[in-house]
Amino acid sequence: MEVCSVARITSFAQFGLKILPKLLALSPGSLGKFRKVSPAMETETVLRKLPELLQDVLRKVSPHMETETVVRNLPELPQDVLMDIFSLLEIPDLMRAATVSSSWRSAYTSICSQLEQYKRPQTPCLLYTSESAGENVACLYSLAEKRVYNLTLPDPPIRSRYLLGSSHGWLVTADDKSELHLINPITGQQIALPSVVTIGYVEPIFDNAGTVIMYKLRQQLYDPDLDPEMVGPKMFPHAPDKLRDHVYIRVFIFLDPSTGSYIVVLIHGPRCQLSFARVGDCKWTLLTPDWDYDQCIYMDGLLYASTRAGRMDAFDITGPTATRNIIADEIAIYSSEYRGEFYLLQAPWGDLLQVCRKAELIDVGYEELIVKTNKVLLHKVDMEAQELVEINSLHHNVLFLGRNQSICLIAEEYPQLKANCVYFADDEQHNWMYKTNPRDIGVLNLEDDSREEIVSPLWSSWPSPIWITPSLTVMNLSLYK
């Protein structure tokens with residue numbers, strides 16, 4: 001980090017030693033470690049300490065406290081100084097800072113317009129909905145702050161949607177017409193994805209006014225025990241809000257380095273096929289007529305997709321026509337010993353990891369099933385040898401699993417997270433059948449397989465909560481028309 005001027009450092013020192021104690025009602029002696037600021041101190045040293053105090057300010061100031069009361073007698077800081085300090089805050093803290101005063105709001109707005117200067121790693125948050133919060137409100141639980149933020153989102157109401165995937169700060173949702181949207185809950189930007197009818201297996205049925213009243217889903221039946229007339233392609237009718245239960249299996253969001261935009265990949269019904277679309281596309285593109293896919297990851301310019309049979313395919317989707325190479329035929333990914341939910345992700349050190357999440361299923365009665373994650377198994381995927389290599393520990397890393405894009409983070413970069421632990425959220429593919437059930441959310445320590453709750457054992461909200469890493473990114477949609 002650059003060394004700054006004496007005047008600039010003095011501004012930082014003034015902020016740390018005079019302004020923040022007033023906001024926190026701290027005694028002069030409690031800031032001893034911050035009084036060693038000298039004109040020769042580098043900016044990096046000063047900045048390293050100030051965000052700790054500023055975060056405390058933002059977490060202790062009541063949301064009901066009048067802004068004028070908070071900042072009435074405080075000297076103004078230059079905008080560039082505020083921006084330097086704010087750039088080290090996580091987004092929930094940054095959003096709170098924006099409500100303190102007009103000058104702080106201005107600094108926040110400037111950061112949003114210059115995101116290349118905002119490099120602060122973001123701790124994942126848990127996004128969920130609550131009946132008491134309202135139909136259009138998403139609740140964001142911050143692991144860093146252990147508090148909830150309410151975010152008002154555009155229509156359709158978020159409580160009527162399914163939360164199917166998340167990555168790079170974006171959610172993929174399916175509304176009550178079974179149409180997909182990308183939405184950034186921090187900025188409120190929403191982008192419609194290609195219609196469900198462009199997947200190729202879906203046929204809409206219209207009424208006289210041209211409104212969709214029904215969908216037909218084409219499915220291929222192969223059961224030899226069925227009557228021959230029942231074998232072959234059949235059309236099954238579904239109401240608009242029920243089609244999503246049968247079409248969307250998994251959704252992934254990947255950054256497209258060539259355009260700076262995003263690629264959305266669907267694993268969809270009727271037989272776990274693979275389709276993709278870029279932001280701005282008018283239809284979904286089927287990658288291959290093959291089926292049985294269940295995980296994807298985008299690495300080194302290629303889309304890797306695994307099947308339950310253990311095959312690993314690599315797709316190049318950078319050109320006008322996608323090409324496929326079979327990388328591995330028989331990786332033993334799905335042996336009976338490892339039954340559970342499976343995930344593919346790239347570790348910070350570069351290896352491709354396969355994660356198996358095992359759970360206890362507790363049948364407590366009619367239409368009620370409790371799922372409790374109790375073990376996570378880790379393996380490195382050795383493509384060349386076409387085998388799995390067991391990993392016994394995450395060491396100083398941490399995993400986030402669920403309907404989100406699986407991620408592995410370096411724990412020391414996120415002080416509020418626990419190393420060698422797995423943070424998990426509900427991931428039952430058919431959890432729409434159990435909307436009132438408690439959700440499987442918690443933290444699993446890989447050292448001893450002990451489990452702890454994150455917020456409350458009463459998670460029973462619908463749609464199922466999902467991990468998301470907050471982002472201030474706003475897409476310029478005019479570039480993709």
# chains A, B, ... in the order shown; residues from 1 in each chain; ligands from 1

$ residues_around --residues "A:Leu344" --least-positions-apart "3" --cutoff "10 Å" --atoms "only C-alpha atoms" --output "JSON, numbers by chain"
{"A": [294, 295, 296, 297, 304, 305, 306, 347, 352, 353, 354, 355, 356, 379, 380, 381, 405, 406, 407]}

$ closest_residue --among "A:Ser258, A:Ser478, A:Asn374, A:Asn392" --to "A:Ala359" --atoms "only C-alpha atoms"
A:Asn374

$ closest_residue --among "A:Gln117, A:Asn420, A:Thr307, A:Ser195" --to "A:Ser178" --atoms "only C-alpha atoms"
A:Ser195

$ atom_distance --atom1 "atom CA of A:Arg120" --atom2 "atom CA of A:Leu303"
27.6 Å

$ closest_residue --among "A:Arg159, A:Lys283, A:His168, A:Arg439" --to "A:Ser130" --atoms "only C-alpha atoms"
A:Arg159

$ atom_distance --atom1 "atom CA of A:Asp449" --atom2 "atom CA of A:Tyr423"
12.3 Å

$ closest_residue --among "A:Gly350, A:Val247, A:His396, A:Ser461" --to "A:Thr129" --atoms "only C-alpha atoms"
A:Ser461

$ residues_around --residues "A:Asn397" --least-positions-apart "4" --cutoff "10 Å" --atoms "only C-alpha atoms" --output "MDAnalysis selection string"
chainID A and resid 347:348 393 408:414 417:422

$ write_last_selection --atoms "C-alpha atoms" --output "CSV table (one decimal), in the first residue's frame"
chain,number,residue,atom,x,y,z
A,347,ALA,CA,-9.5,-25.2,-3.5
A,348,PRO,CA,-7.4,-22.0,-2.9
A,393,SER,CA,-8.5,-32.0,7.0
A,408,CYS,CA,-13.4,-22.9,0.0
A,409,LEU,CA,-11.9,-19.9,1.8
A,410,ILE,CA,-8.7,-19.3,3.7
A,411,ALA,CA,-9.9,-18.8,7.2
A,412,GLU,CA,-7.2,-16.3,8.3
A,413,GLU,CA,-8.6,-13.8,5.7
A,414,TYR,CA,-12.0,-14.0,7.5
A,417,LEU,CA,-14.9,-17.9,10.5
A,418,LYS,CA,-13.6,-21.1,12.1
A,419,ALA,CA,-10.8,-23.0,10.4
A,420,ASN,CA,-11.3,-26.7,9.4
A,421,CYS,CA,-15.0,-26.2,9.6
A,422,VAL,CA,-17.9,-26.6,7.1

$ closest_residue --among "A:Phe206, A:Trp349, A:Trp291, A:Tyr298" --to "A:Val265" --atoms "only C-alpha atoms"
A:Tyr298

$ residues_around --residues "stretch 132-136 of chain A" --least-positions-apart "6" --cutoff "9 Å" --atoms "only C-alpha atoms" --output "list of chain:residue names"
A:Asn150, A:Leu151, A:Thr152, A:Leu153, A:Pro154, A:Asp155, A:Pro156, A:Pro157, A:Ile158, A:Arg159, A:Ser160

$ write_last_selection --atoms "all heavy atoms" --output "CSV table (one decimal), in the first residue's frame"
chain,number,residue,atom,x,y,z
A,150,ASN,N,-32.4,-6.3,6.7
A,150,ASN,CA,-33.6,-6.5,5.9
A,150,ASN,C,-33.4,-5.8,4.6
A,150,ASN,O,-33.1,-4.6,4.6
A,150,ASN,CB,-34.9,-6.1,6.6
A,150,ASN,CG,-35.3,-7.0,7.7
A,150,ASN,OD1,-34.8,-8.1,7.7
A,150,ASN,ND2,-36.2,-6.6,8.5
A,151,LEU,N,-33.5,-6.5,3.5
A,151,LEU,CA,-33.3,-5.9,2.1
A,151,LEU,C,-34.6,-6.0,1.3
A,151,LEU,O,-35.1,-7.1,1.1
A,151,LEU,CB,-32.2,-6.6,1.4
A,151,LEU,CG,-30.9,-6.8,2.1
A,151,LEU,CD1,-29.9,-7.7,1.4
A,151,LEU,CD2,-30.2,-5.4,2.4
A,152,THR,N,-35.2,-4.9,0.9
A,152,THR,CA,-36.4,-4.9,0.1
A,152,THR,C,-36.0,-5.1,-1.4
A,152,THR,O,-35.2,-4.3,-1.9
A,152,THR,CB,-37.1,-3.5,0.3
A,152,THR,OG1,-37.5,-3.4,1.6
A,152,THR,CG2,-38.4,-3.5,-0.6
A,153,LEU,N,-36.6,-6.1,-2.0
A,153,LEU,CA,-36.3,-6.5,-3.3
A,153,LEU,C,-37.4,-6.2,-4.3
A,153,LEU,O,-38.6,-6.1,-3.9
A,153,LEU,CB,-35.9,-8.0,-3.4
A,153,LEU,CG,-34.7,-8.4,-2.4
A,153,LEU,CD1,-34.4,-9.8,-2.6
A,153,LEU,CD2,-33.5,-7.5,-2.7
A,154,PRO,N,-37.1,-6.1,-5.6
A,154,PRO,CA,-38.2,-5.9,-6.5
A,154,PRO,C,-39.1,-7.1,-6.7
A,154,PRO,O,-38.7,-8.2,-6.4
A,154,PRO,CB,-37.4,-5.6,-7.8
A,154,PRO,CG,-36.1,-6.2,-7.7
A,154,PRO,CD,-35.8,-6.2,-6.2
A,155,ASP,N,-40.3,-6.9,-7.3
A,155,ASP,CA,-41.2,-8.0,-7.6
A,155,ASP,C,-40.6,-8.9,-8.7
A,155,ASP,O,-39.7,-8.5,-9.5
A,155,ASP,CB,-42.5,-7.4,-8.2
A,155,ASP,CG,-43.4,-6.9,-7.1
A,155,ASP,OD1,-43.3,-7.4,-5.9
A,155,ASP,OD2,-44.1,-5.9,-7.3
A,156,PRO,N,-41.0,-10.1,-8.8
A,156,PRO,CA,-42.0,-10.8,-8.0
A,156,PRO,C,-41.5,-11.0,-6.5
A,156,PRO,O,-40.3,-11.0,-6.3
A,156,PRO,CB,-42.2,-12.2,-8.6
A,156,PRO,CG,-41.5,-12.1,-10.0
A,156,PRO,CD,-40.5,-11.0,-9.8
A,157,PRO,N,-42.5,-11.1,-5.6
A,157,PRO,CA,-42.1,-11.2,-4.2
A,157,PRO,C,-41.1,-12.4,-3.9
A,157,PRO,O,-41.3,-13.5,-4.4
A,157,PRO,CB,-43.4,-11.5,-3.5
A,157,PRO,CG,-44.5,-10.9,-4.4
A,157,PRO,CD,-43.9,-11.1,-5.8
A,158,ILE,N,-40.1,-12.1,-3.2
A,158,ILE,CA,-39.0,-13.0,-2.9
A,158,ILE,C,-39.5,-14.3,-2.2
A,158,ILE,O,-39.0,-15.4,-2.4
A,158,ILE,CB,-37.8,-12.4,-2.2
A,158,ILE,CG1,-36.6,-13.3,-2.2
A,158,ILE,CG2,-38.2,-12.0,-0.8
A,158,ILE,CD1,-36.0,-13.5,-3.5
A,159,ARG,N,-40.6,-14.1,-1.4
A,159,ARG,CA,-41.1,-15.2,-0.6
A,159,ARG,C,-41.9,-16.2,-1.5
A,159,ARG,O,-42.1,-17.3,-1.1
A,159,ARG,CB,-42.0,-14.7,0.5
A,159,ARG,CG,-41.2,-14.3,1.8
A,159,ARG,CD,-42.1,-13.9,2.9
A,159,ARG,NE,-43.1,-14.9,3.3
A,159,ARG,CZ,-42.8,-16.0,4.0
A,159,ARG,NH1,-41.6,-16.2,4.5
A,159,ARG,NH2,-43.8,-16.8,4.4
A,160,SER,N,-42.2,-15.8,-2.7
A,160,SER,CA,-42.9,-16.7,-3.6
A,160,SER,C,-42.0,-17.4,-4.5
A,160,SER,O,-42.4,-18.2,-5.4
A,160,SER,CB,-44.0,-15.9,-4.4
A,160,SER,OG,-43.3,-15.0,-5.4

$ atom_distance --atom1 "atom CA of A:His268" --atom2 "atom CA of A:Asp207"
26.4 Å

$ residues_around --residues "A:Thr198" --least-positions-apart "2" --cutoff "10 Å" --atoms "only C-alpha atoms" --output "list in words"
Pro194, Ser195, Val196, Gly200, Tyr201, Val202, Glu203, Cys282, Lys283, Trp284, Thr285 and Leu286 of chain A

$ write_last_selection --atoms "N, CA, C and O atoms" --output "mmCIF file, in the first residue's frame"
data_model
loop_
_atom_site.group_PDB
_atom_site.id
_atom_site.type_symbol
_atom_site.label_atom_id
_atom_site.label_comp_id
_atom_site.auth_asym_id
_atom_site.auth_seq_id
_atom_site.Cartn_x
_atom_site.Cartn_y
_atom_site.Cartn_z
ATOM 1 N N PRO A 194 -33.358 -16.399 -19.848
ATOM 2 C CA PRO A 194 -34.224 -16.928 -20.904
ATOM 3 C C PRO A 194 -35.406 -17.713 -20.347
ATOM 4 O O PRO A 194 -35.307 -18.353 -19.294
ATOM 5 N N SER A 195 -36.514 -17.675 -21.059
ATOM 6 C CA SER A 195 -37.736 -18.317 -20.589
ATOM 7 C C SER A 195 -37.576 -19.824 -20.468
ATOM 8 O O SER A 195 -36.818 -20.460 -21.218
ATOM 9 N N VAL A 196 -38.331 -20.393 -19.564
ATOM 10 C CA VAL A 196 -38.314 -21.838 -19.352
ATOM 11 C C VAL A 196 -38.733 -22.586 -20.614
ATOM 12 O O VAL A 196 -38.304 -23.722 -20.838
ATOM 13 N N GLY A 200 -36.482 -26.539 -24.226
ATOM 14 C CA GLY A 200 -36.635 -27.526 -25.283
ATOM 15 C C GLY A 200 -37.520 -28.699 -24.913
ATOM 16 O O GLY A 200 -38.004 -29.412 -25.792
ATOM 17 N N TYR A 201 -37.745 -28.919 -23.638
ATOM 18 C CA TYR A 201 -38.588 -30.018 -23.195
ATOM 19 C C TYR A 201 -39.926 -29.514 -22.656
ATOM 20 O O TYR A 201 -40.726 -30.294 -22.161
ATOM 21 N N VAL A 202 -40.128 -28.197 -22.757
ATOM 22 C CA VAL A 202 -41.299 -27.572 -22.145
ATOM 23 C C VAL A 202 -42.177 -26.943 -23.223
ATOM 24 O O VAL A 202 -41.688 -26.220 -24.095
ATOM 25 N N GLU A 203 -43.467 -27.214 -23.143
ATOM 26 C CA GLU A 203 -44.426 -26.650 -24.084
ATOM 27 C C GLU A 203 -45.487 -25.873 -23.318
ATOM 28 O O GLU A 203 -46.158 -26.429 -22.449
ATOM 29 N N CYS A 282 -31.337 -15.048 -25.453
ATOM 30 C CA CYS A 282 -32.800 -15.162 -25.516
ATOM 31 C C CYS A 282 -33.269 -16.600 -25.333
ATOM 32 O O CYS A 282 -34.481 -16.846 -25.251
ATOM 33 N N LYS A 283 -32.339 -17.555 -25.284
ATOM 34 C CA LYS A 283 -32.751 -18.942 -25.087
ATOM 35 C C LYS A 283 -31.635 -19.733 -24.411
ATOM 36 O O LYS A 283 -30.467 -19.319 -24.393
ATOM 37 N N TRP A 284 -32.028 -20.880 -23.874
ATOM 38 C CA TRP A 284 -31.067 -21.810 -23.290
ATOM 39 C C TRP A 284 -30.474 -22.679 -24.392
ATOM 40 O O TRP A 284 -31.177 -23.074 -25.326
ATOM 41 N N THR A 285 -29.187 -22.996 -24.261
ATOM 42 C CA THR A 285 -28.508 -23.852 -25.227
ATOM 43 C C THR A 285 -28.190 -25.190 -24.573
ATOM 44 O O THR A 285 -27.498 -25.240 -23.544
ATOM 45 N N LEU A 286 -28.712 -26.270 -25.166
ATOM 46 C CA LEU A 286 -28.434 -27.615 -24.661
ATOM 47 C C LEU A 286 -27.010 -27.987 -25.036
ATOM 48 O O LEU A 286 -26.620 -27.929 -26.212
#

$ select_by_dssp --residues "stretch 298-436 of chain A" --states "helix (DSSP H, G or I)" --output "list in words"
Ser336, Glu337, Tyr338, Ala411, Glu412, Glu413, Asn431, Trp432, Met433 and Tyr434 of chain A

$ write_last_selection --atoms "N, CA and C atoms" --output "short mmCIF file (atom, residue, chain, number, x, y, z; two decimals), in the first residue's frame"
data_model
loop_
_atom_site.label_atom_id
_atom_site.label_comp_id
_atom_site.auth_asym_id
_atom_site.auth_seq_id
_atom_site.Cartn_x
_atom_site.Cartn_y
_atom_site.Cartn_z
N SER A 336 -20.89 -46.59 -3.10
CA SER A 336 -21.94 -46.72 -2.09
C SER A 336 -21.47 -46.25 -0.72
N GLU A 337 -20.15 -46.29 -0.52
CA GLU A 337 -19.62 -45.86 0.78
C GLU A 337 -19.85 -44.38 1.02
N TYR A 338 -19.99 -43.62 -0.06
CA TYR A 338 -20.06 -42.18 0.07
C TYR A 338 -21.41 -41.61 -0.38
N ALA A 411 -9.22 -19.31 6.02
CA ALA A 411 -9.85 -18.81 7.25
C ALA A 411 -9.18 -17.55 7.79
N GLU A 412 -7.87 -17.44 7.66
CA GLU A 412 -7.18 -16.29 8.26
C GLU A 412 -7.58 -14.97 7.58
N GLU A 413 -8.15 -15.04 6.39
CA GLU A 413 -8.62 -13.83 5.73
C GLU A 413 -10.02 -13.43 6.19
N ASN A 431 -36.77 -30.41 -1.36
CA ASN A 431 -37.24 -29.82 -0.12
C ASN A 431 -38.53 -29.03 -0.30
N TRP A 432 -38.95 -28.79 -1.56
CA TRP A 432 -40.24 -28.14 -1.78
C TRP A 432 -41.38 -29.02 -1.29
N MET A 433 -41.10 -30.33 -1.08
CA MET A 433 -42.12 -31.23 -0.56
C MET A 433 -42.27 -31.09 0.95
N TYR A 434 -41.29 -30.43 1.59
CA TYR A 434 -41.27 -30.34 3.05
C TYR A 434 -41.06 -28.88 3.47
#

$ closest_residue --among "A:Ile205, A:Ala144, A:Val264, A:Leu399" --to "A:Phe236" --atoms "only C-alpha atoms"
A:Ile205
